[in-house]
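**Student:** Sharing a structure with you now.
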Amino acid sequence: MSRGIIIFAQNNEYINYAEQACACAGYARRSLSLFDEICLITNTETLAPNETLINEYFDRVIISDNFQPENIRLFKDTTDKLEYAPFKNMSRSEVYKLSPYDETLVIDADYFIMNDILDQVWNSDNDVMINSKYRDISGRHQENIEYIDNFSIPMYWATVFYFKKSDFAENLFTLISHIKYNYKYYYYLYNCSGNLYRNDFAFSMALHILNGSVAFDVPSLPINYLNNSFDLDDIYRVNSHNDVIMYCADAENVSSHILSRFKDMDLHIMNKKAIGRFIDDLLSHGEKV
Amino acid sequence: MSDITKETEKYKEDLQRLEKALEFSNTMKTFNLNKNNLKVKTQNLLSHSTSGGSFTVDQSLISFMNFVVSSGKTEITLLDKNDIPVYIEDTEKFLDDISSLYFEVVNDYYNEYQKLKSSRKIEKVLEI
């Protein structure tokens, strides 16, 4: 059984996702050991200027130049800066076809693996594993499950998920692809909030439909909670491959911050500009091919 | 000392006490956030996967497995964290593995919690 970790990266004019993906790959390689390869799925436009760096951190690169419809997202860099830019996140549904592995762990380009718990996914009996439970490192969101809307279904986080080549996974990705191309219909059907196409929403809807459109439990990853740092937080310092100190936005006053240290604990850092500011540190602590 | 001066002094003392209490509240906010993040880390690390299933390791799983091993059962089927039945072919090894993991992770939590609790200065705890 071949086992691979896949990261997606498609640059826009605001963020160099390719170098962030390299940093994440370096962290994954440093903390995990039971996989065969780390693979990047990207487009020609992103690969060309970053090829040397990408080859240092990835065992394999797959090019996917599918057309990406306009999906504009508001990027926040704490409360200090806000900027709208295209968010090219629509090729995620193609991962089943593109993955050359029997078992695949997909991680976002902003998910930093700092312990070996995700090594426990390999050889699982489950065809798909994905988490709905999460924790906000700043404690602003007290609930540990988010819903697509207050009157809709629970949200599964497509930040990290595992699948193996199987009927269930194949059908799931077929449905995700269908939802992607008919997003407006499903957007209203599931009473979604916000205008952005979100993989989290598409995955949640597809899982709901695939499980017979009734209350369901999808097996979660070995980690109990996804550890989310939202874009109002910032990085204070990167100490090593498993040790980062964060500025966590205060729940009562989001423009002031509280320091917290994360050691041996995976971190989903949504403030892309913060990752960009520390990219040299993050790249240097990761392990190359 | 006149009554007005006495009252002003008392007001100043009250204000100082209040400032101290609010400063302490800030320290507690930082303490609580860091404690909560340590707790989440511990909850994530207390995970053990075997035979295709994933288990959240806690005192009740260890107690139950201890009962299973004491009863002389060498193999059993257990529900994992996703409520999926998983066949465990060596109960003694499973008990050893989850006990070791629990002691190691909770001991680390204890050490880090003590470090956090014993220092009022967050700079010291975070080594900044």
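All residue names refer to the structure tokens as shown: chains lettered A, B, ... in order, residues numbered from 1 in each chain, ligands numbered from 1 in order.
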Just need the residues of chain B within 6 Å of chain A, counting only C-alpha atoms, so spit them out as number ranges by chain.
**Tutor:** B: 34, 41, 44, 49, 52, 54, 82
**Student:** Taking 5 positions as the minimum chain separation for residues in the same chain, which residues sit within 10 Å of B:Gln43 when counting only C-alpha atoms? Answer as a ChimeraX atom specification.
**Tutor:** /A:223-225 /B:37-38,56-58,105-106
**Student:** Can you list, as an NGL selection string, all residues belonging to stretch 96-194 of chain A that DSSP tags as helix (DSSP H, G or I)?
**Tutor:** :A and (96-98 or 117-121 or 167-181 or 183-189)
**Student:** Using N, CA and C atoms, can you write the selected residues to a file as a PDB file, in the first residue's frame?
**Tutor:**
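Writing done, so here's again-v1.pdb:
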```
ATOM      1  N   TYR A  96      -8.914  12.875  -5.520  1.00  0.00           N
ATOM      2  CA  TYR A  96      -9.072  11.416  -5.612  1.00  0.00           C
ATOM      3  C   TYR A  96      -8.471  10.890  -6.917  1.00  0.00           C
ATOM      4  N   LYS A  97      -8.754  11.641  -8.016  1.00  0.00           N
ATOM      5  CA  LYS A  97      -8.236  11.222  -9.332  1.00  0.00           C
ATOM      6  C   LYS A  97      -6.733  11.480  -9.422  1.00  0.00           C
ATOM      7  N   LEU A  98      -6.298  12.583  -8.849  1.00  0.00           N
ATOM      8  CA  LEU A  98      -4.894  12.989  -8.994  1.00  0.00           C
ATOM      9  C   LEU A  98      -3.935  12.221  -8.082  1.00  0.00           C
ATOM     10  N   ILE A 117       1.194  12.298  15.739  1.00  0.00           N
ATOM     11  CA  ILE A 117      -0.122  11.654  15.871  1.00  0.00           C
ATOM     12  C   ILE A 117      -0.722  11.282  14.497  1.00  0.00           C
ATOM     13  N   LEU A 118      -0.501  12.134  13.498  1.00  0.00           N
ATOM     14  CA  LEU A 118      -1.113  11.844  12.186  1.00  0.00           C
ATOM     15  C   LEU A 118      -0.491  10.627  11.496  1.00  0.00           C
ATOM     16  N   ASP A 119       0.626  10.145  12.009  1.00  0.00           N
ATOM     17  CA  ASP A 119       1.171   8.876  11.496  1.00  0.00           C
ATOM     18  C   ASP A 119       0.221   7.712  11.787  1.00  0.00           C
ATOM     19  N   GLN A 120      -0.705   7.930  12.722  1.00  0.00           N
ATOM     20  CA  GLN A 120      -1.652   6.869  13.095  1.00  0.00           C
ATOM     21  C   GLN A 120      -2.754   6.664  12.044  1.00  0.00           C
ATOM     22  N   VAL A 121      -2.815   7.552  11.031  1.00  0.00           N
ATOM     23  CA  VAL A 121      -3.885   7.384  10.024  1.00  0.00           C
ATOM     24  C   VAL A 121      -3.631   6.180   9.113  1.00  0.00           C
ATOM     25  N   ASP A 167     -14.617   2.667  -2.689  1.00  0.00           N
ATOM     26  CA  ASP A 167     -15.887   3.122  -3.276  1.00  0.00           C
ATOM     27  C   ASP A 167     -16.415   4.345  -2.548  1.00  0.00           C
ATOM     28  N   PHE A 168     -16.344   4.308  -1.208  1.00  0.00           N
ATOM     29  CA  PHE A 168     -16.876   5.423  -0.428  1.00  0.00           C
ATOM     30  C   PHE A 168     -16.164   6.723  -0.809  1.00  0.00           C
ATOM     31  N   ALA A 169     -14.825   6.672  -0.830  1.00  0.00           N
ATOM     32  CA  ALA A 169     -14.055   7.890  -1.120  1.00  0.00           C
ATOM     33  C   ALA A 169     -14.309   8.350  -2.559  1.00  0.00           C
ATOM     34  N   GLU A 170     -14.369   7.413  -3.483  1.00  0.00           N
ATOM     35  CA  GLU A 170     -14.592   7.798  -4.887  1.00  0.00           C
ATOM     36  C   GLU A 170     -15.942   8.503  -5.034  1.00  0.00           C
ATOM     37  N   ASN A 171     -16.982   7.925  -4.412  1.00  0.00           N
ATOM     38  CA  ASN A 171     -18.310   8.546  -4.477  1.00  0.00           C
ATOM     39  C   ASN A 171     -18.327   9.905  -3.785  1.00  0.00           C
ATOM     40  N   LEU A 172     -17.595   9.997  -2.684  1.00  0.00           N
ATOM     41  CA  LEU A 172     -17.538  11.276  -1.959  1.00  0.00           C
ATOM     42  C   LEU A 172     -16.976  12.380  -2.862  1.00  0.00           C
ATOM     43  N   PHE A 173     -15.863  12.084  -3.537  1.00  0.00           N
ATOM     44  CA  PHE A 173     -15.233  13.118  -4.369  1.00  0.00           C
ATOM     45  C   PHE A 173     -16.040  13.405  -5.640  1.00  0.00           C
ATOM     46  N   THR A 174     -16.781  12.402  -6.117  1.00  0.00           N
ATOM     47  CA  THR A 174     -17.695  12.661  -7.239  1.00  0.00           C
ATOM     48  C   THR A 174     -18.753  13.676  -6.804  1.00  0.00           C
ATOM     49  N   LEU A 175     -19.288  13.477  -5.607  1.00  0.00           N
ATOM     50  CA  LEU A 175     -20.310  14.390  -5.090  1.00  0.00           C
ATOM     51  C   LEU A 175     -19.737  15.790  -4.839  1.00  0.00           C
ATOM     52  N   ILE A 176     -18.528  15.849  -4.288  1.00  0.00           N
ATOM     53  CA  ILE A 176     -17.903  17.155  -4.016  1.00  0.00           C
ATOM     54  C   ILE A 176     -17.742  17.932  -5.323  1.00  0.00           C
ATOM     55  N   SER A 177     -17.323  17.210  -6.356  1.00  0.00           N
ATOM     56  CA  SER A 177     -17.143  17.829  -7.654  1.00  0.00           C
ATOM     57  C   SER A 177     -18.488  18.336  -8.189  1.00  0.00           C
ATOM     58  N   HIS A 178     -19.522  17.531  -8.040  1.00  0.00           N
ATOM     59  CA  HIS A 178     -20.864  17.929  -8.485  1.00  0.00           C
ATOM     60  C   HIS A 178     -21.333  19.175  -7.722  1.00  0.00           C
ATOM     61  N   ILE A 179     -21.104  19.196  -6.427  1.00  0.00           N
ATOM     62  CA  ILE A 179     -21.506  20.348  -5.608  1.00  0.00           C
ATOM     63  C   ILE A 179     -20.740  21.603  -6.050  1.00  0.00           C
ATOM     64  N   LYS A 180     -19.467  21.407  -6.348  1.00  0.00           N
ATOM     65  CA  LYS A 180     -18.638  22.539  -6.780  1.00  0.00           C
ATOM     66  C   LYS A 180     -19.226  23.200  -8.035  1.00  0.00           C
ATOM     67  N   TYR A 181     -19.627  22.367  -9.005  1.00  0.00           N
ATOM     68  CA  TYR A 181     -20.146  22.921 -10.260  1.00  0.00           C
ATOM     69  C   TYR A 181     -21.597  23.395 -10.154  1.00  0.00           C
ATOM     70  N   TYR A 183     -22.768  24.952  -7.190  1.00  0.00           N
ATOM     71  CA  TYR A 183     -22.636  25.452  -5.822  1.00  0.00           C
ATOM     72  C   TYR A 183     -23.816  26.324  -5.371  1.00  0.00           C
ATOM     73  N   LYS A 184     -24.327  27.161  -6.268  1.00  0.00           N
ATOM     74  CA  LYS A 184     -25.427  28.067  -5.889  1.00  0.00           C
ATOM     75  C   LYS A 184     -26.625  27.284  -5.364  1.00  0.00           C
ATOM     76  N   TYR A 185     -26.943  26.189  -6.072  1.00  0.00           N
ATOM     77  CA  TYR A 185     -28.092  25.371  -5.669  1.00  0.00           C
ATOM     78  C   TYR A 185     -27.881  24.813  -4.250  1.00  0.00           C
ATOM     79  N   TYR A 186     -26.720  24.218  -4.036  1.00  0.00           N
ATOM     80  CA  TYR A 186     -26.447  23.596  -2.730  1.00  0.00           C
ATOM     81  C   TYR A 186     -26.246  24.651  -1.643  1.00  0.00           C
ATOM     82  N   TYR A 187     -25.743  25.791  -2.063  1.00  0.00           N
ATOM     83  CA  TYR A 187     -25.543  26.913  -1.149  1.00  0.00           C
ATOM     84  C   TYR A 187     -26.886  27.304  -0.499  1.00  0.00           C
ATOM     85  N   TYR A 188     -27.929  27.392  -1.348  1.00  0.00           N
ATOM     86  CA  TYR A 188     -29.250  27.753  -0.817  1.00  0.00           C
ATOM     87  C   TYR A 188     -29.905  26.567  -0.121  1.00  0.00           C
ATOM     88  N   LEU A 189     -29.710  25.367  -0.668  1.00  0.00           N
ATOM     89  CA  LEU A 189     -30.313  24.165  -0.077  1.00  0.00           C
ATOM     90  C   LEU A 189     -29.850  23.969   1.364  1.00  0.00           C
TER      91      LEU A 189
END
```
**Student:** What is the distance, in Å and to one decimal place, between atom CA of A:Asn50 and atom CA of A:Phe8?
**Tutor:**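 Taking atom CA of A:Asn50 as the start and atom CA of A:Phe8 as the end point, the length is 14.0 Å.
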**Student:** From a DSSP pass on the backbone, collect the residues of chain B flagged as strand (DSSP E or B) and hand them back as a PyMOL selection string.
**Tutor:** chain B and resi 47-50+53-56+76-79+85-88
**Student:** I need the residues from that last selection saved to file as a compact mmCIF listing (two decimals), in the first residue's frame (with N, CA and C atoms), if you can.
**Tutor:**
```
# COMPACT_ATOMS: atom_id res chain seq x y z
N SER B 47 -3.98 9.72 22.08
CA SER B 47 -4.61 8.95 21.02
C SER B 47 -3.72 7.76 20.67
N HIS B 48 -4.35 6.60 20.57
CA HIS B 48 -3.58 5.40 20.24
C HIS B 48 -4.33 4.65 19.14
N SER B 49 -3.63 4.34 18.07
CA SER B 49 -4.27 3.63 16.96
C SER B 49 -3.64 2.25 16.79
N THR B 50 -4.49 1.27 16.61
CA THR B 50 -4.02 -0.10 16.37
C THR B 50 -5.11 -0.90 15.66
N GLY B 53 -8.12 0.82 14.09
CA GLY B 53 -9.00 1.69 14.89
C GLY B 53 -8.22 2.73 15.67
N SER B 54 -8.91 3.77 16.12
CA SER B 54 -8.27 4.83 16.92
C SER B 54 -8.96 4.93 18.27
N PHE B 55 -8.17 5.03 19.32
CA PHE B 55 -8.74 5.08 20.67
C PHE B 55 -8.30 6.34 21.40
N THR B 56 -9.24 6.96 22.12
CA THR B 56 -8.89 8.05 23.01
C THR B 56 -8.52 7.38 24.33
N ILE B 76 -10.04 -9.44 22.52
CA ILE B 76 -11.41 -8.92 22.64
C ILE B 76 -11.73 -8.01 21.44
N THR B 77 -13.01 -7.66 21.34
CA THR B 77 -13.42 -6.65 20.37
C THR B 77 -13.86 -5.42 21.17
N LEU B 78 -13.29 -4.26 20.79
CA LEU B 78 -13.55 -3.01 21.51
C LEU B 78 -14.15 -1.98 20.57
N LEU B 79 -14.95 -1.06 21.12
CA LEU B 79 -15.42 0.05 20.29
C LEU B 79 -14.37 1.15 20.34
N PRO B 85 -16.30 -1.23 15.88
CA PRO B 85 -15.71 -2.36 16.60
C PRO B 85 -14.34 -2.75 16.03
N VAL B 86 -13.39 -2.88 16.92
CA VAL B 86 -12.02 -3.21 16.50
C VAL B 86 -11.55 -4.44 17.28
N TYR B 87 -10.98 -5.37 16.56
CA TYR B 87 -10.52 -6.61 17.19
C TYR B 87 -9.10 -6.41 17.74
N ILE B 88 -8.95 -6.65 19.05
CA ILE B 88 -7.63 -6.52 19.68
C ILE B 88 -7.11 -7.93 19.96
```
**Student:** At a cut-off of 12 Å, using only C-alpha atoms, what residues contact B:Met28? Leave out same-chain residues fewer than 5 positions from it and give the result as a PDB file with C-alpha atoms, in the first residue's frame.
**Tutor:**
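Generated output (selection12.pdb):
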```
ATOM      1  CA  ILE A 258      -2.084  37.251  24.556  1.00  0.00           C
TER       2      ILE A 258
ATOM      3  CA  ALA B  21      -6.620  43.206  40.885  1.00  0.00           C
ATOM      4  CA  LEU B  22      -6.992  44.140  37.211  1.00  0.00           C
ATOM      5  CA  GLU B  23      -3.339  43.402  36.575  1.00  0.00           C
ATOM      6  CA  LEU B  33      -5.339  30.542  27.791  1.00  0.00           C
ATOM      7  CA  ASN B  34      -2.021  28.723  28.088  1.00  0.00           C
ATOM      8  CA  LYS B  35      -3.549  26.137  30.441  1.00  0.00           C
ATOM      9  CA  ASN B  36      -6.381  25.537  27.986  1.00  0.00           C
ATOM     10  CA  LEU B 116       3.034  27.660  34.196  1.00  0.00           C
ATOM     11  CA  LYS B 117       1.535  27.774  37.695  1.00  0.00           C
ATOM     12  CA  SER B 119       5.628  31.582  37.532  1.00  0.00           C
ATOM     13  CA  ARG B 120       3.565  34.738  37.469  1.00  0.00           C
ATOM     14  CA  LYS B 121       5.749  36.088  34.705  1.00  0.00           C
ATOM     15  CA  ILE B 122       4.612  34.729  31.376  1.00  0.00           C
TER      16      ILE B 122
END
```
**Student:** Find the residues around stretch 78-86 of chain A up to 12 Å (only C-alpha atoms counted), leave out those fewer than 3 positions away in its own chain, and share them as a PDB file with C-alpha atoms, in the first residue's frame.
**Tutor:**
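Here's the written file around-v5.pdb:
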```
ATOM      1  CA  GLN A  10      -1.874  27.951  -6.214  1.00  0.00           C
ATOM      2  CA  ASN A  11      -0.451  31.428  -5.855  1.00  0.00           C
ATOM      3  CA  ASN A  12      -2.414  34.633  -6.139  1.00  0.00           C
ATOM      4  CA  GLU A  13      -1.059  38.181  -6.232  1.00  0.00           C
ATOM      5  CA  TYR A  14      -1.425  38.445  -2.451  1.00  0.00           C
ATOM      6  CA  ILE A  15       0.133  35.218  -1.142  1.00  0.00           C
ATOM      7  CA  GLN A  68     -10.585  28.133 -11.507  1.00  0.00           C
ATOM      8  CA  PRO A  69     -13.730  30.267 -11.410  1.00  0.00           C
ATOM      9  CA  GLU A  70     -13.423  33.605  -9.616  1.00  0.00           C
ATOM     10  CA  ASN A  71     -13.650  33.148  -5.853  1.00  0.00           C
ATOM     11  CA  ILE A  72     -12.794  36.338  -4.017  1.00  0.00           C
ATOM     12  CA  ARG A  73     -11.882  36.097  -0.367  1.00  0.00           C
ATOM     13  CA  LEU A  74     -11.211  38.640   2.357  1.00  0.00           C
ATOM     14  CA  PHE A  75      -7.733  37.994   3.769  1.00  0.00           C
ATOM     15  CA  ASN A  89      -9.192  26.459  -3.793  1.00  0.00           C
ATOM     16  CA  MET A  90     -11.348  24.580  -6.277  1.00  0.00           C
ATOM     17  CA  LEU A 196     -17.126  32.301  -0.753  1.00  0.00           C
ATOM     18  CA  TYR A 197     -16.889  28.761  -2.166  1.00  0.00           C
ATOM     19  CA  SER A 229      -5.382  29.849  14.828  1.00  0.00           C
ATOM     20  CA  PHE A 230      -7.666  32.316  13.036  1.00  0.00           C
ATOM     21  CA  ASP A 231      -6.454  35.251  10.967  1.00  0.00           C
ATOM     22  CA  LEU A 232      -6.722  37.735  13.843  1.00  0.00           C
ATOM     23  CA  ASP A 233      -3.823  35.914  15.526  1.00  0.00           C
ATOM     24  CA  ASP A 234      -0.184  36.392  14.616  1.00  0.00           C
ATOM     25  CA  ILE A 235       3.117  34.556  15.006  1.00  0.00           C
ATOM     26  CA  TYR A 247       0.021  36.149  19.567  1.00  0.00           C
ATOM     27  CA  CYS A 248      -3.559  35.079  20.269  1.00  0.00           C
ATOM     28  CA  ALA A 249      -6.220  37.741  19.723  1.00  0.00           C
ATOM     29  CA  ASP A 250      -7.935  38.566  23.006  1.00  0.00           C
ATOM     30  CA  ASN A 253     -10.622  42.980  22.398  1.00  0.00           C
ATOM     31  CA  VAL A 254      -9.339  41.370  19.226  1.00  0.00           C
ATOM     32  CA  SER A 255      -6.800  44.108  18.530  1.00  0.00           C
ATOM     33  CA  SER A 256      -4.861  43.198  21.680  1.00  0.00           C
ATOM     34  CA  HIS A 257      -3.097  39.863  21.982  1.00  0.00           C
ATOM     35  CA  ILE A 269      -2.295  29.084  11.025  1.00  0.00           C
ATOM     36  CA  MET A 270      -4.879  30.964   8.961  1.00  0.00           C
ATOM     37  CA  ASN A 271      -3.064  34.295   8.962  1.00  0.00           C
ATOM     38  CA  LYS A 272      -1.179  33.780   5.688  1.00  0.00           C
ATOM     39  CA  LYS A 273       0.679  37.088   5.954  1.00  0.00           C
ATOM     40  CA  ALA A 274       2.036  36.021   9.352  1.00  0.00           C
TER      41      ALA A 274
END
```
**Student:** Would you pick out the contacts of A:Asn150 at 10 Å or less, using only C-alpha atoms, so that residues sharing its chain but fewer than 4 positions from it are not included, and give the list as a list of chain:residue names?
**Tutor:**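 Returned residues: A:Glu146, A:Pro154, A:Asn191, A:Cys192, A:Ser193.
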**Student:** Output C-alpha atoms of each residue in that selection to a file, as a PDB file, in the first residue's frame.
**Tutor:**
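Written out: result.pdb:
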```pdb
ATOM      1  CA  GLU A 146     -19.136  24.868  13.766  1.00  0.00           C
ATOM      2  CA  PRO A 154     -22.229  20.403  11.167  1.00  0.00           C
ATOM      3  CA  ASN A 191     -28.618  27.576   3.996  1.00  0.00           C
ATOM      4  CA  CYS A 192     -24.934  28.523   3.798  1.00  0.00           C
ATOM      5  CA  SER A 193     -23.540  31.802   5.031  1.00  0.00           C
TER       6      SER A 193
END
```
